[in-house]
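K.L.:
Handing over data.txt, compact mmCIF, C-alpha atoms and all ligand atoms.
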```txt
# COMPACT_ATOMS: atom_id res chain seq x y z
CA MET A 1 -22.15 1.17 -12.09
CA THR A 2 -19.63 -1.22 -10.61
CA ASP A 3 -21.04 -4.66 -9.85
CA PHE A 4 -19.76 -5.30 -6.30
CA THR A 5 -21.68 -8.59 -6.12
CA ALA A 6 -19.52 -9.85 -8.97
CA THR A 7 -16.29 -8.63 -7.41
CA ARG A 8 -17.20 -10.30 -4.12
CA ALA A 9 -17.76 -13.58 -5.94
CA ALA A 10 -14.24 -13.28 -7.36
CA PHE A 11 -12.75 -13.94 -3.89
CA ASP A 12 -12.51 -17.19 -1.98
CA LEU A 13 -13.30 -16.02 1.55
CA PRO A 14 -13.75 -18.50 4.39
CA ASP A 15 -17.40 -18.99 5.38
CA GLY A 16 -18.62 -17.10 8.42
CA ILE A 17 -15.84 -14.51 8.41
CA VAL A 18 -16.19 -10.74 8.14
CA TYR A 19 -12.81 -9.76 6.78
CA LEU A 20 -11.84 -6.21 7.71
CA ASP A 21 -8.08 -6.65 7.36
CA GLY A 22 -7.60 -6.29 3.62
CA ASN A 23 -5.63 -3.14 4.40
CA SER A 24 -2.92 -5.48 5.74
CA LEU A 25 -3.34 -8.64 3.64
CA GLY A 26 -5.93 -8.93 0.90
CA PRO A 27 -7.82 -12.26 0.63
CA LEU A 28 -7.39 -14.88 -2.09
CA PRO A 29 -8.85 -14.06 -5.51
CA ARG A 30 -10.04 -17.26 -7.21
CA ALA A 31 -8.21 -16.24 -10.38
CA ALA A 32 -4.93 -15.92 -8.47
CA ARG A 33 -5.21 -19.47 -7.17
CA GLU A 34 -5.83 -20.80 -10.69
CA ARG A 35 -3.09 -18.67 -12.20
CA VAL A 36 -0.44 -19.72 -9.69
CA ALA A 37 -1.39 -23.37 -10.19
CA ARG A 38 -1.09 -22.94 -13.97
CA GLU A 39 2.17 -21.05 -13.66
CA VAL A 40 3.61 -23.85 -11.53
CA GLU A 41 2.26 -26.77 -13.56
CA VAL A 42 2.51 -25.49 -17.10
CA SER A 43 4.96 -22.62 -17.25
CA TRP A 44 7.55 -23.73 -14.72
CA GLY A 45 6.79 -27.46 -14.81
CA ARG A 46 6.69 -27.93 -18.58
CA MET A 47 8.37 -24.92 -20.17
CA LEU A 48 11.25 -24.75 -17.70
CA ILE A 49 13.70 -22.02 -18.70
CA ARG A 50 11.71 -21.28 -21.86
CA GLY A 51 9.09 -19.70 -19.56
CA TRP A 52 11.09 -16.47 -19.57
CA ASN A 53 10.27 -16.03 -23.25
CA GLU A 54 7.23 -18.19 -23.87
CA ALA A 55 5.23 -17.52 -20.70
CA GLY A 56 6.00 -13.80 -20.78
CA TRP A 57 7.88 -13.83 -17.46
CA MET A 58 10.39 -11.20 -18.54
CA ASP A 59 7.73 -8.60 -19.30
CA LEU A 60 5.49 -9.37 -16.32
CA PRO A 61 6.77 -6.46 -14.14
CA GLU A 62 5.73 -4.03 -16.88
CA VAL A 63 2.41 -5.79 -17.55
CA VAL A 64 1.55 -5.72 -13.85
CA GLY A 65 2.79 -2.12 -13.58
CA LYS A 66 0.39 -1.10 -16.33
CA LYS A 67 -2.59 -2.60 -14.47
CA ILE A 68 -1.59 -0.87 -11.23
CA GLY A 69 -1.05 2.38 -13.13
CA ARG A 70 -4.73 2.53 -14.06
CA LEU A 71 -5.69 2.41 -10.38
CA VAL A 72 -3.37 5.24 -9.34
CA GLY A 73 -3.78 7.59 -12.29
CA ALA A 74 -0.41 6.87 -13.85
CA PRO A 75 0.16 6.72 -17.61
CA THR A 76 1.16 3.47 -19.29
CA GLY A 77 4.87 2.85 -18.96
CA SER A 78 5.36 4.88 -15.77
CA VAL A 79 4.87 2.09 -13.21
CA VAL A 80 6.81 -1.12 -12.79
CA ALA A 81 6.13 -3.91 -10.28
CA GLY A 82 8.81 -5.59 -8.19
CA ASP A 83 10.76 -5.70 -4.95
CA SER A 84 9.18 -4.72 -1.64
CA THR A 85 7.69 -1.36 -0.73
CA SER A 86 10.67 -0.72 1.55
CA VAL A 87 13.17 -1.39 -1.24
CA ASN A 88 11.19 0.73 -3.68
CA LEU A 89 11.20 3.57 -1.19
CA PHE A 90 14.99 3.41 -1.10
CA LYS A 91 15.07 3.53 -4.90
CA ALA A 92 12.58 6.40 -5.12
CA LEU A 93 14.13 8.50 -2.35
CA THR A 94 17.70 8.18 -3.61
CA ALA A 95 16.54 8.99 -7.15
CA ALA A 96 14.62 12.04 -5.92
CA LEU A 97 17.65 13.25 -3.96
CA ASP A 98 19.85 12.77 -7.00
CA LEU A 99 17.56 15.10 -8.96
CA SER A 100 17.21 17.68 -6.23
CA GLY A 101 20.54 19.50 -6.12
CA GLU A 102 22.27 20.68 -2.97
CA ARG A 103 19.41 20.96 -0.49
CA LYS A 104 19.90 18.78 2.58
CA VAL A 105 16.50 18.19 4.20
CA VAL A 106 14.17 15.24 3.66
CA LEU A 107 10.82 16.13 5.22
CA SER A 108 8.46 13.47 6.57
CA ASP A 109 5.94 13.07 9.36
CA SER A 110 5.52 11.12 12.56
CA GLY A 111 2.48 9.30 11.16
CA ASN A 112 4.64 7.63 8.55
CA PHE A 113 5.06 3.87 8.64
CA PRO A 114 8.29 3.06 10.50
CA THR A 115 9.91 1.20 7.59
CA ASP A 116 9.81 4.42 5.56
CA LEU A 117 11.63 6.33 8.27
CA TYR A 118 14.17 3.54 8.81
CA VAL A 119 14.89 3.30 5.07
CA ALA A 120 15.28 7.07 4.86
CA GLN A 121 17.55 7.34 7.92
CA GLN A 122 19.92 4.69 6.62
CA ALA A 123 19.77 5.80 2.98
CA LEU A 124 20.78 9.33 3.98
CA ALA A 125 23.63 7.96 6.10
CA ALA A 126 24.81 5.73 3.26
CA LEU A 127 24.75 8.58 0.74
CA GLY A 128 27.09 10.52 3.01
CA ARG A 129 26.16 13.89 1.52
CA GLY A 130 25.02 15.47 4.78
CA HIS A 131 21.27 15.02 4.32
CA VAL A 132 19.06 15.08 7.40
CA LEU A 133 15.63 13.60 7.97
CA LYS A 134 13.22 16.11 9.49
CA ILE A 135 10.12 14.54 11.06
CA VAL A 136 7.21 16.80 11.97
CA ALA A 137 3.64 16.11 13.12
CA PRO A 138 1.28 15.30 10.21
CA GLU A 139 -0.60 18.57 10.61
CA GLU A 140 2.68 20.52 10.52
CA VAL A 141 3.86 19.18 7.16
CA ASP A 142 2.30 21.95 5.12
CA GLY A 143 3.98 24.68 7.16
CA ALA A 144 7.37 22.93 7.07
CA ILE A 145 7.66 22.92 3.27
CA ASP A 146 10.18 25.58 2.29
CA GLU A 147 13.27 26.24 0.16
CA THR A 148 15.54 24.21 2.48
CA VAL A 149 13.70 20.96 1.70
CA ALA A 150 15.05 18.66 -0.99
CA VAL A 151 12.40 15.92 -0.83
CA LEU A 152 8.97 15.64 0.76
CA MET A 153 8.50 11.96 1.63
CA LEU A 154 5.02 11.06 2.87
CA THR A 155 2.64 8.16 3.20
CA GLN A 156 -0.70 9.42 1.92
CA VAL A 157 -2.90 7.39 4.32
CA ASP A 158 -1.73 6.98 7.92
CA TYR A 159 -1.58 3.26 8.74
CA ARG A 160 -2.90 3.80 12.28
CA SER A 161 -5.55 6.51 12.03
CA GLY A 162 -6.39 6.35 8.32
CA ARG A 163 -5.79 10.13 8.12
CA LEU A 164 -5.46 11.20 4.49
CA HIS A 165 -2.92 13.77 3.33
CA ASP A 166 -4.04 16.09 0.54
CA MET A 167 -1.68 14.88 -2.16
CA ALA A 168 -2.64 17.52 -4.71
CA ALA A 169 -2.24 20.47 -2.32
CA LEU A 170 1.00 19.26 -0.70
CA THR A 171 2.57 18.36 -4.04
CA ALA A 172 1.64 21.76 -5.44
CA LYS A 173 3.12 23.52 -2.42
CA ALA A 174 6.26 21.39 -2.64
CA HIS A 175 6.75 22.14 -6.31
CA ALA A 176 6.26 25.86 -5.75
CA ALA A 177 9.19 25.66 -3.31
CA GLY A 178 11.30 23.52 -5.68
CA VAL A 179 10.81 20.37 -3.58
CA MET A 180 10.61 16.83 -5.04
CA THR A 181 7.88 14.51 -3.74
CA VAL A 182 7.91 10.80 -2.91
CA TRP A 183 4.52 9.31 -1.98
CA ASP A 184 3.97 5.95 -0.30
CA LEU A 185 0.60 4.66 -1.56
CA ALA A 186 0.58 1.45 0.52
CA HIS A 187 -2.84 2.31 1.98
CA SER A 188 -4.06 4.24 -1.07
CA ALA A 189 -3.63 2.02 -4.13
CA GLY A 190 -6.91 0.16 -4.53
CA ALA A 191 -8.36 1.98 -1.52
CA LEU A 192 -9.35 5.32 -3.08
CA PRO A 193 -8.89 7.23 -6.32
CA VAL A 194 -5.31 8.48 -6.74
CA ASP A 195 -4.27 10.83 -9.53
CA LEU A 196 -0.50 10.65 -9.86
CA SER A 197 -0.50 12.42 -13.24
CA GLY A 198 -2.88 15.16 -12.20
CA THR A 199 -1.15 15.93 -8.92
CA GLY A 200 2.27 15.97 -10.59
CA ALA A 201 3.76 13.67 -7.93
CA ASP A 202 7.38 12.92 -8.79
CA PHE A 203 7.80 9.40 -7.38
CA ALA A 204 5.40 6.95 -5.77
CA ILE A 205 5.58 3.46 -4.39
CA GLY A 206 3.07 1.04 -2.92
CA CYS A 207 2.18 -2.48 -1.79
CA GLY A 208 0.85 -5.39 -3.83
CA TYR A 209 -0.51 -7.46 -0.95
CA LYS A 210 -2.97 -5.07 0.70
CA TYR A 211 -5.84 -3.59 -1.32
CA LEU A 212 -4.43 -5.09 -4.55
CA ASN A 213 -4.81 -8.63 -3.15
CA GLY A 214 -1.63 -10.06 -4.69
CA GLY A 215 -0.95 -12.44 -1.78
CA PRO A 216 1.49 -12.47 1.16
CA GLY A 217 4.74 -10.79 0.18
CA ALA A 218 3.41 -9.87 -3.29
CA PRO A 219 5.67 -7.56 -5.30
CA ALA A 220 5.33 -3.84 -4.68
CA PHE A 221 5.41 -1.10 -7.33
CA ILE A 222 7.22 2.12 -8.18
CA TYR A 223 6.10 5.10 -10.24
CA VAL A 224 8.40 7.68 -11.80
CA ARG A 225 6.87 10.78 -13.34
CA PRO A 226 7.52 10.36 -17.07
CA GLU A 227 9.37 13.66 -17.46
CA HIS A 228 11.95 12.52 -14.86
CA ALA A 229 12.32 8.93 -16.00
CA GLU A 230 15.13 9.40 -18.51
CA ARG A 231 17.13 11.52 -16.03
CA VAL A 232 16.98 9.05 -13.14
CA SER A 233 20.24 7.36 -12.25
CA PRO A 234 19.24 4.44 -9.97
CA ALA A 235 21.31 4.03 -6.80
CA LEU A 236 20.29 0.37 -6.70
CA ALA A 237 21.17 -0.68 -10.23
CA GLY A 238 20.81 -4.29 -11.30
CA TRP A 239 20.96 -6.21 -14.53
CA MET A 240 17.18 -6.33 -14.96
CA GLY A 241 17.23 -2.53 -15.10
CA HIS A 242 19.98 -2.51 -17.71
CA ALA A 243 19.22 -1.47 -21.28
CA ALA A 244 20.39 -4.88 -22.54
CA PRO A 245 20.56 -7.42 -19.69
CA PHE A 246 21.66 -10.24 -21.95
CA ALA A 247 24.52 -8.27 -23.49
CA PHE A 248 26.26 -8.83 -20.13
CA ASP A 249 28.20 -5.57 -20.47
CA LEU A 250 30.52 -4.71 -17.59
CA GLY A 251 29.19 -1.17 -17.38
CA TYR A 252 25.69 -0.12 -16.35
CA VAL A 253 23.51 1.49 -19.00
CA PRO A 254 20.00 2.22 -17.69
CA ALA A 255 16.98 0.78 -19.47
CA ASP A 256 14.44 3.16 -20.95
CA GLY A 257 12.07 4.94 -18.61
CA VAL A 258 10.76 3.35 -15.43
CA ASN A 259 12.22 -0.04 -16.41
CA ARG A 260 15.55 1.19 -15.09
CA MET A 261 14.02 0.90 -11.60
CA ARG A 262 13.96 -2.87 -11.95
CA VAL A 263 16.83 -4.52 -10.12
CA GLY A 264 17.02 -8.33 -10.08
CA THR A 265 15.02 -11.34 -11.19
CA PRO A 266 11.30 -10.92 -10.50
CA PRO A 267 9.54 -13.47 -8.22
CA ILE A 268 7.38 -14.93 -10.98
CA LEU A 269 4.92 -16.95 -8.89
CA SER A 270 4.13 -13.96 -6.70
CA MET A 271 4.06 -11.63 -9.69
CA ALA A 272 1.66 -13.98 -11.52
CA SER A 273 -0.62 -14.05 -8.50
CA LEU A 274 -0.69 -10.24 -8.40
CA ASP A 275 -1.25 -10.09 -12.16
CA ALA A 276 -4.34 -12.31 -11.88
CA ALA A 277 -5.57 -10.48 -8.76
CA LEU A 278 -5.49 -7.18 -10.64
CA ASP A 279 -7.98 -8.48 -13.20
CA VAL A 280 -10.66 -8.30 -10.50
CA TRP A 281 -10.42 -4.52 -11.01
CA ASP A 282 -11.61 -4.70 -14.63
CA GLY A 283 -14.87 -2.78 -14.73
CA VAL A 284 -14.40 -1.26 -11.26
CA SER A 285 -14.82 2.50 -11.18
CA MET A 286 -12.63 4.12 -8.54
CA ALA A 287 -15.34 6.74 -7.95
CA ASP A 288 -17.86 3.97 -7.21
CA LEU A 289 -15.31 2.28 -4.97
CA ARG A 290 -14.77 5.47 -2.99
CA ALA A 291 -18.50 6.13 -2.60
CA ARG A 292 -19.05 2.58 -1.36
CA SER A 293 -16.04 2.70 0.96
CA ILE A 294 -17.40 5.88 2.57
CA GLU A 295 -20.85 4.34 2.93
CA LEU A 296 -19.32 1.29 4.65
CA SER A 297 -17.05 3.23 6.97
CA GLN A 298 -19.68 5.82 7.95
CA THR A 299 -22.16 3.06 8.73
CA PHE A 300 -19.55 1.25 10.78
CA ILE A 301 -18.73 4.35 12.82
CA ALA A 302 -22.41 5.04 13.50
CA GLU A 303 -23.15 1.42 14.46
CA VAL A 304 -20.10 1.06 16.71
CA GLU A 305 -20.60 4.39 18.45
CA ALA A 306 -24.24 3.51 19.13
CA ARG A 307 -23.36 0.09 20.55
CA CYS A 308 -19.91 0.47 22.14
CA PRO A 309 -19.47 3.63 24.25
CA GLN A 310 -16.18 2.18 25.55
CA LEU A 311 -14.51 2.70 22.14
CA THR A 312 -13.18 6.09 21.02
CA LEU A 313 -12.97 6.96 17.35
CA ALA A 314 -9.28 7.35 16.42
CA SER A 315 -9.82 8.26 12.75
CA PRO A 316 -10.95 11.56 11.25
CA ARG A 317 -14.74 11.75 11.46
CA ASP A 318 -14.96 13.52 8.10
CA PRO A 319 -14.71 10.78 5.42
CA ALA A 320 -13.02 13.22 3.03
CA LEU A 321 -10.06 13.24 5.43
CA ARG A 322 -9.82 9.43 5.71
CA GLY A 323 -8.55 6.60 3.57
CA SER A 324 -10.50 3.34 3.59
CA GLN A 325 -10.03 2.30 7.19
CA VAL A 326 -11.52 3.16 10.57
CA SER A 327 -9.70 2.90 13.88
CA PHE A 328 -11.01 2.91 17.42
CA ALA A 329 -8.89 3.39 20.52
CA PHE A 330 -9.38 1.13 23.54
CA ALA A 331 -6.81 0.43 26.27
CA GLU A 332 -7.42 -3.35 26.00
CA GLY A 333 -7.64 -3.15 22.22
CA TYR A 334 -5.37 -6.11 21.58
CA ALA A 335 -7.48 -8.52 23.64
CA ALA A 336 -10.72 -7.01 22.32
CA MET A 337 -9.53 -7.59 18.76
CA GLN A 338 -8.58 -11.18 19.54
CA ALA A 339 -12.05 -11.72 20.98
CA ALA A 340 -13.64 -10.22 17.85
CA ILE A 341 -11.50 -12.46 15.63
CA ALA A 342 -12.53 -15.48 17.67
CA HIS A 343 -16.14 -14.49 16.86
CA GLY A 344 -15.51 -14.17 13.13
CA VAL A 345 -14.70 -10.47 12.72
CA VAL A 346 -11.12 -9.99 11.56
CA GLY A 347 -9.41 -6.64 12.00
CA ASP A 348 -6.02 -5.97 13.57
CA PHE A 349 -4.30 -4.06 16.34
CA ARG A 350 -1.61 -1.40 16.32
CA ALA A 351 0.14 -0.49 19.54
CA PRO A 352 -0.49 1.05 21.91
CA ASP A 353 -4.30 0.92 21.73
CA ILE A 354 -5.60 1.01 18.15
CA MET A 355 -8.21 -1.44 16.84
CA ARG A 356 -8.04 -1.14 13.07
CA PHE A 357 -10.71 -2.08 10.51
CA GLY A 358 -10.21 -1.90 6.75
CA PHE A 359 -13.15 -1.37 4.35
CA THR A 360 -12.68 -3.00 0.98
CA PRO A 361 -15.83 -2.73 -1.17
CA LEU A 362 -14.64 -5.42 -3.58
CA TYR A 363 -15.68 -8.03 -1.02
CA VAL A 364 -17.12 -6.26 2.07
CA GLY A 365 -20.81 -5.25 2.15
CA LEU A 366 -23.16 -3.42 4.49
CA ASP A 367 -24.33 -6.72 6.02
CA ASP A 368 -20.73 -7.40 7.08
CA VAL A 369 -20.43 -3.97 8.65
CA VAL A 370 -23.52 -4.46 10.79
CA ARG A 371 -22.41 -7.94 11.83
CA ALA A 372 -18.99 -6.58 12.80
CA ALA A 373 -20.63 -3.93 15.00
CA GLU A 374 -22.84 -6.58 16.63
CA VAL A 375 -19.82 -8.71 17.46
CA LEU A 376 -17.98 -5.71 18.90
CA GLU A 377 -21.02 -4.91 21.02
CA ARG A 378 -20.85 -8.41 22.44
CA VAL A 379 -17.08 -8.23 23.00
CA MET A 380 -17.50 -4.99 24.91
CA GLY A 381 -20.81 -5.72 26.65
CA GLU A 382 -19.69 -9.13 27.92
CA ARG A 383 -16.13 -7.92 28.61
CA LEU A 384 -14.74 -10.76 26.49
CA TRP A 385 -11.53 -8.75 26.22
CA ASP A 386 -10.91 -9.52 29.91
CA ARG A 387 -10.45 -13.24 29.28
CA PRO A 388 -6.84 -14.42 29.64
CA GLU A 389 -6.89 -16.41 26.38
CA PHE A 390 -7.29 -13.15 24.41
CA LYS A 391 -4.45 -11.31 26.17
CA GLN A 392 -1.61 -13.54 24.99
CA ARG A 393 0.30 -11.46 22.40
CA ALA A 394 1.17 -13.16 19.11
CA LYS A 395 4.27 -12.28 17.07
CA VAL A 396 2.17 -10.55 14.37
CA THR A 397 -0.61 -8.32 15.67
C1 LIG A 401 2.82 2.72 4.58
C2 LIG A 401 3.60 1.46 4.49
N1 LIG A 401 4.78 1.46 3.85
C3 LIG A 401 5.51 0.35 3.77
C4 LIG A 401 5.10 -0.84 4.33
C5 LIG A 401 6.05 -2.00 4.37
O1 LIG A 401 6.20 -2.56 3.18
P1 LIG A 401 7.09 -3.86 2.96
O2 LIG A 401 7.17 -4.63 4.23
O3 LIG A 401 6.29 -4.63 1.96
O4 LIG A 401 8.38 -3.42 2.44
C6 LIG A 401 3.86 -0.89 4.98
C7 LIG A 401 3.33 -2.14 5.59
O5 LIG A 401 3.96 -3.06 5.89
C8 LIG A 401 3.12 0.29 5.08
O6 LIG A 401 1.96 0.31 5.74
N1 LIG A 402 3.52 -6.63 5.70
C1 LIG A 402 2.98 -7.19 6.80
C2 LIG A 402 3.43 -8.41 7.27
O1 LIG A 402 4.43 -9.04 6.58
C3 LIG A 402 2.89 -9.00 8.40
C4 LIG A 402 1.86 -8.35 9.06
C5 LIG A 402 1.41 -7.12 8.64
C6 LIG A 402 1.99 -6.53 7.53
C7 LIG A 402 1.58 -5.20 7.10
O2 LIG A 402 1.53 -4.95 5.94
C8 LIG A 402 1.32 -4.20 8.11
C9 LIG A 402 0.81 -2.94 7.51
N2 LIG A 402 1.73 -2.27 6.65
C10 LIG A 402 0.29 -1.92 8.50
O3 LIG A 402 -0.30 -0.97 8.02
O4 LIG A 402 0.39 -2.07 9.69
```
Take the structure I supplied and represent it as structure tokens, if you would.

P.N.:
Amino acid sequence: MTDFTATRAAFDLPDGIVYLDGNSLGPLPRAARERVAREVEVSWGRMLIRGWNEAGWMDLPEVVGKKIGRLVGAPTGSVVAGDSTSVNLFKALTAALDLSGERKVVLSDSGNFPTDLYVAQQALAALGRGHVLKIVAPEEVDGAIDETVAVLMLTQVDYRSGRLHDMAALTAKAHAAGVMTVWDLAHSAGALPVDLSGTGADFAIGCGYKYLNGGPGAPAFIYVRPEHAERVSPALAGWMGHAAPFAFDLGYVPADGVNRMRVGTPPILSMASLDAALDVWDGVSMADLRARSIELSQTFIAEVEARCPQLTLASPRDPALRGSQVSFAFAEGYAAMQAAIAHGVVGDFRAPDIMRFGFTPLYVGLDDVVRAAEVLERVMGERLWDRPEFKQRAKVT
């Protein structure tokens, strides 16, 4: 059994806060603070340039990739950390298109995170090969997979509603129609069990700063199915993805396997923070995590619905169809969320009316869930959302 008391103690959370926003930015693991301090003082401060060899900086993207791989069901050597999720999506999508012949359609859905759609639109335009992005409603994806589609590009868990796509079924259907798959695991990695090997997904990408707790702007990751890795010709090729970066050849020769997806110099301080944050997962069973996440989110829904009739559930009610977040719709959701935050319950808001709450068993317990519902009851019952100080929109919501 996973010891969630121990994992909770591994985080430095401010006193008096119920933190339900780890699906946007994970909190600070104590080990990450110590590691970054050591990396600054000892590795950078004392070793200087020797850090690349002696502090293991050069291999860190692979080391971190291996730790992430365990959480998403990927074999060793198939995941590498680096760049942002957006940039990794560009790399994955262009690689998938390169392997997918003459078909012209990239299929995605309207629940996808906007950056994915922006990256795809512009990548297709830049390739200039006549590809088109077809966007359908999430529930229409299955029916839109056919022999015209080159790549199916989906985010597994919808950032607004938490709706979960069936990765195994959609990947199987895609493969039966000769379609490559690219999965964005931003709201999946560290949130629920993912089986990249078992589902046969072709490419996947995800965030380091949400459920993996790597810190603001932490490196993202990319997965390439091992049987494709040696055939991938990266569109965004850089010297760190070269077979011999320090040979300084004029021509590009890809590195072995997924390492060819590396581009430039890794951000070592951020990467070190993510590396240390991932050690919190040692001894965590993803099945236990999922069971606990469902217990937390079901309790939250029951408590909120009993106390706050003004809020409407905006996530699937069936936990099997949800990731690890719960959303409620309320017309004054922004102000209501600000009022909740002012009373120690931190979630976030997504326009036009979604109050979003992330459930992260590593550091959130049932006591937090009940307290969050109590605070929401007060916010709604006392109409705190109607106060002008909570209506002022900040830049980041
Ligand atoms: C599904 C999804 N993909 C991509 C991103 C963006 O990633 P980044 O800004 O790190 O490139 C986010 C969140 O910001 C997201 O929720
Ligand atoms: N990446 C973020 C940021 O730099 C600032 C604020 C929020 C974010 C997020 O990650 C948002 C997140 N992807 C979402 O699901 O809405």

K.L.:
Taking only C-alpha atoms and all ligand atoms into account, which of A:Glu140, A:Glu62, A:Pro14, A:Val157 comes nearest ligand LIG 401 (chain A)?

P.N.:
A:Val157

K.L.:
Residues near Ile354 (chain A), anyone? I mean within 7 Å using only C-alpha atoms, not counting same-chain ones fewer than 3 positions away, as a PDB file with C-alpha atoms, keeping the file's coordinate frame.

P.N.:
```pdb
ATOM      1  CA  SER A 327      -9.700   2.900  13.880  1.00  0.00           C
ATOM      2  CA  PHE A 328     -11.010   2.910  17.420  1.00  0.00           C
ATOM      3  CA  ALA A 329      -8.890   3.390  20.520  1.00  0.00           C
ATOM      4  CA  PHE A 330      -9.380   1.130  23.540  1.00  0.00           C
ATOM      5  CA  GLY A 333      -7.640  -3.150  22.220  1.00  0.00           C
ATOM      6  CA  PHE A 349      -4.300  -4.060  16.340  1.00  0.00           C
ATOM      7  CA  ARG A 350      -1.610  -1.400  16.320  1.00  0.00           C
ATOM      8  CA  ALA A 351       0.140  -0.490  19.540  1.00  0.00           C
TER       9      ALA A 351
END
```

K.L.:
Give the residues close to ligand LIG 401 (chain A), within 9 Å, counting only C-alpha atoms and all ligand atoms; write them as an NGL selection string.

P.N.:
:A and (23-24 or 83-89 or 112-116 or 154-160 or 184-187 or 205-210 or 217-220)

K.L.:
Just to confirm, what's the straight-line distance from CA of Leu127 (chain A) to CA of Ala237 (chain A) in Å (one decimal)?

P.N.:
14.8 Å

K.L.:
Give the answer as one residue: which of A:Ala229, A:Leu384, A:Ala255, A:Ala96 has the shortest atom-to-atom distance to Gly178 (chain A), using only C-alpha atoms?

P.N.:
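Comparing A:Ala229, A:Leu384, A:Ala255, A:Ala96 against Gly178 (chain A), the winner is A:Ala96.
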
K.L.:
Report, in Å with one decimal, the straight-line distance from CA of Gly128 (chain A) to CA of Lys104 (chain A).

P.N.:
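It comes out at 11.0 Å.
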
K.L.:
For CA of His228 (chain A) and CA of Arg262 (chain A), determine how far apart the two atoms are, in Å to one decimal place.

P.N.:
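One can read the CA of His228 (chain A) to CA of Arg262 (chain A) distance as 15.8 Å.
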
K.L.:
With distances taken over all atoms listed in the file, which residue among A:Met355, A:Val364, A:Val106, A:Ala277 lies nearest ligand LIG 402 (chain A)?

P.N.:
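Under the stated criterion, the closest residue is A:Met355.
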
K.L.:
Report as a PyMOL selection string all protein, DNA and RNA residues lying within 7 Å of Ala10 (chain A), evaluated on all atoms listed in the file, omitting residues in the same chain fewer than 2 positions from it.

P.N.:
chain A and resi 6-8+12+29-30+280

K.L.:
Which residue out of A:Pro267, A:Gly111, A:Gly65, A:Pro316 has the minimum interatomic distance to ligand LIG 402 (chain A) when all atoms listed in the file are used?

P.N.:
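Of the candidates, the smallest distance to ligand LIG 402 (chain A) is held by A:Gly111.
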
K.L.:
From the set A:Ile222, A:Leu269, A:Val141, A:Met261, which residue has the shortest atom-to-atom contact distance to Glu34 (chain A), counting all atoms listed in the file?

P.N.:
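Comparing A:Ile222, A:Leu269, A:Val141, A:Met261 against Glu34 (chain A), the winner is A:Leu269.
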
K.L.:
What's around Glu295 (chain A) at 9 Å? Count only C-alpha atoms, leave out sequence neighbours fewer than 5 positions away in its own chain, and write the answer as a PyMOL selection string.

P.N.:
chain A and resi 290+300+366

K.L.:
For region 192-203 of chain A, list every protein, DNA or RNA residue within 8 Å, evaluated using only C-alpha atoms, and leave out those in the same chain fewer than 2 positions away; present the list as a ChimeraX atom specification.

P.N.:
/A:71-75,92,96,167-168,171-172,180-183,188-190,205,222-225,228,286-287,289-290,323-324

K.L.:
Nearest to Met271 (chain A): which of A:Val375, A:Ile49, A:Ala9, A:Val80 is it, counting only C-alpha atoms?

P.N.:
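Closest candidate: A:Val80.
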
K.L.:
Contacts of Ala137 (chain A) at 6 Å or less, counting only C-alpha atoms, minus same-chain residues fewer than 2 places along, as a list in words?

P.N.:
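Surrounding residues, per the criterion: Asp109, Ser110, Glu139 and Glu140 of chain A.
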
K.L.:
Find the smallest box with edges along x, y and z containing every listed atom of region 97-114 of chain A, then add 6 Å on each side and report centre and edge lengths in Å to one decimal, as AutoDock Vina command-line options.

P.N.:
```
--center_x 12.4 --center_y 12.0 --center_z 1.8 --size_x 31.8 --size_y 29.9 --size_z 33.5
```

K.L.:
Could region 111-135 of chain A be written out with C-alpha atoms, as a PDB file, in the first residue's frame, please?

P.N.:
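Generated file (part-v3.pdb):
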```pdb
ATOM      1  CA  GLY A 111     -11.743  19.998 -25.987  1.00  0.00           C
ATOM      2  CA  ASN A 112      -8.039  20.121 -26.755  1.00  0.00           C
ATOM      3  CA  PHE A 113      -5.893  22.713 -25.031  1.00  0.00           C
ATOM      4  CA  PRO A 114      -5.529  25.723 -27.355  1.00  0.00           C
ATOM      5  CA  THR A 115      -1.731  25.550 -27.551  1.00  0.00           C
ATOM      6  CA  ASP A 116      -2.025  22.113 -29.163  1.00  0.00           C
ATOM      7  CA  LEU A 117      -4.343  23.433 -31.845  1.00  0.00           C
ATOM      8  CA  TYR A 118      -2.204  26.531 -32.445  1.00  0.00           C
ATOM      9  CA  VAL A 119       0.968  24.444 -32.750  1.00  0.00           C
ATOM     10  CA  ALA A 120      -0.769  22.076 -35.152  1.00  0.00           C
ATOM     11  CA  GLN A 121      -2.265  24.835 -37.318  1.00  0.00           C
ATOM     12  CA  GLN A 122       1.074  26.543 -37.773  1.00  0.00           C
ATOM     13  CA  ALA A 123       3.099  23.333 -38.105  1.00  0.00           C
ATOM     14  CA  LEU A 124       0.840  22.169 -40.934  1.00  0.00           C
ATOM     15  CA  ALA A 125       1.157  25.556 -42.642  1.00  0.00           C
ATOM     16  CA  ALA A 126       4.942  25.495 -42.274  1.00  0.00           C
ATOM     17  CA  LEU A 127       5.225  21.976 -43.694  1.00  0.00           C
ATOM     18  CA  GLY A 128       3.428  23.186 -46.810  1.00  0.00           C
ATOM     19  CA  ARG A 129       2.318  19.703 -47.832  1.00  0.00           C
ATOM     20  CA  GLY A 130      -1.399  20.459 -47.893  1.00  0.00           C
ATOM     21  CA  HIS A 131      -2.312  18.993 -44.504  1.00  0.00           C
ATOM     22  CA  VAL A 132      -5.501  20.176 -42.824  1.00  0.00           C
ATOM     23  CA  LEU A 133      -6.484  20.187 -39.174  1.00  0.00           C
ATOM     24  CA  LYS A 134      -9.934  18.702 -38.618  1.00  0.00           C
ATOM     25  CA  ILE A 135     -11.472  19.556 -35.240  1.00  0.00           C
TER      26      ILE A 135
END
```
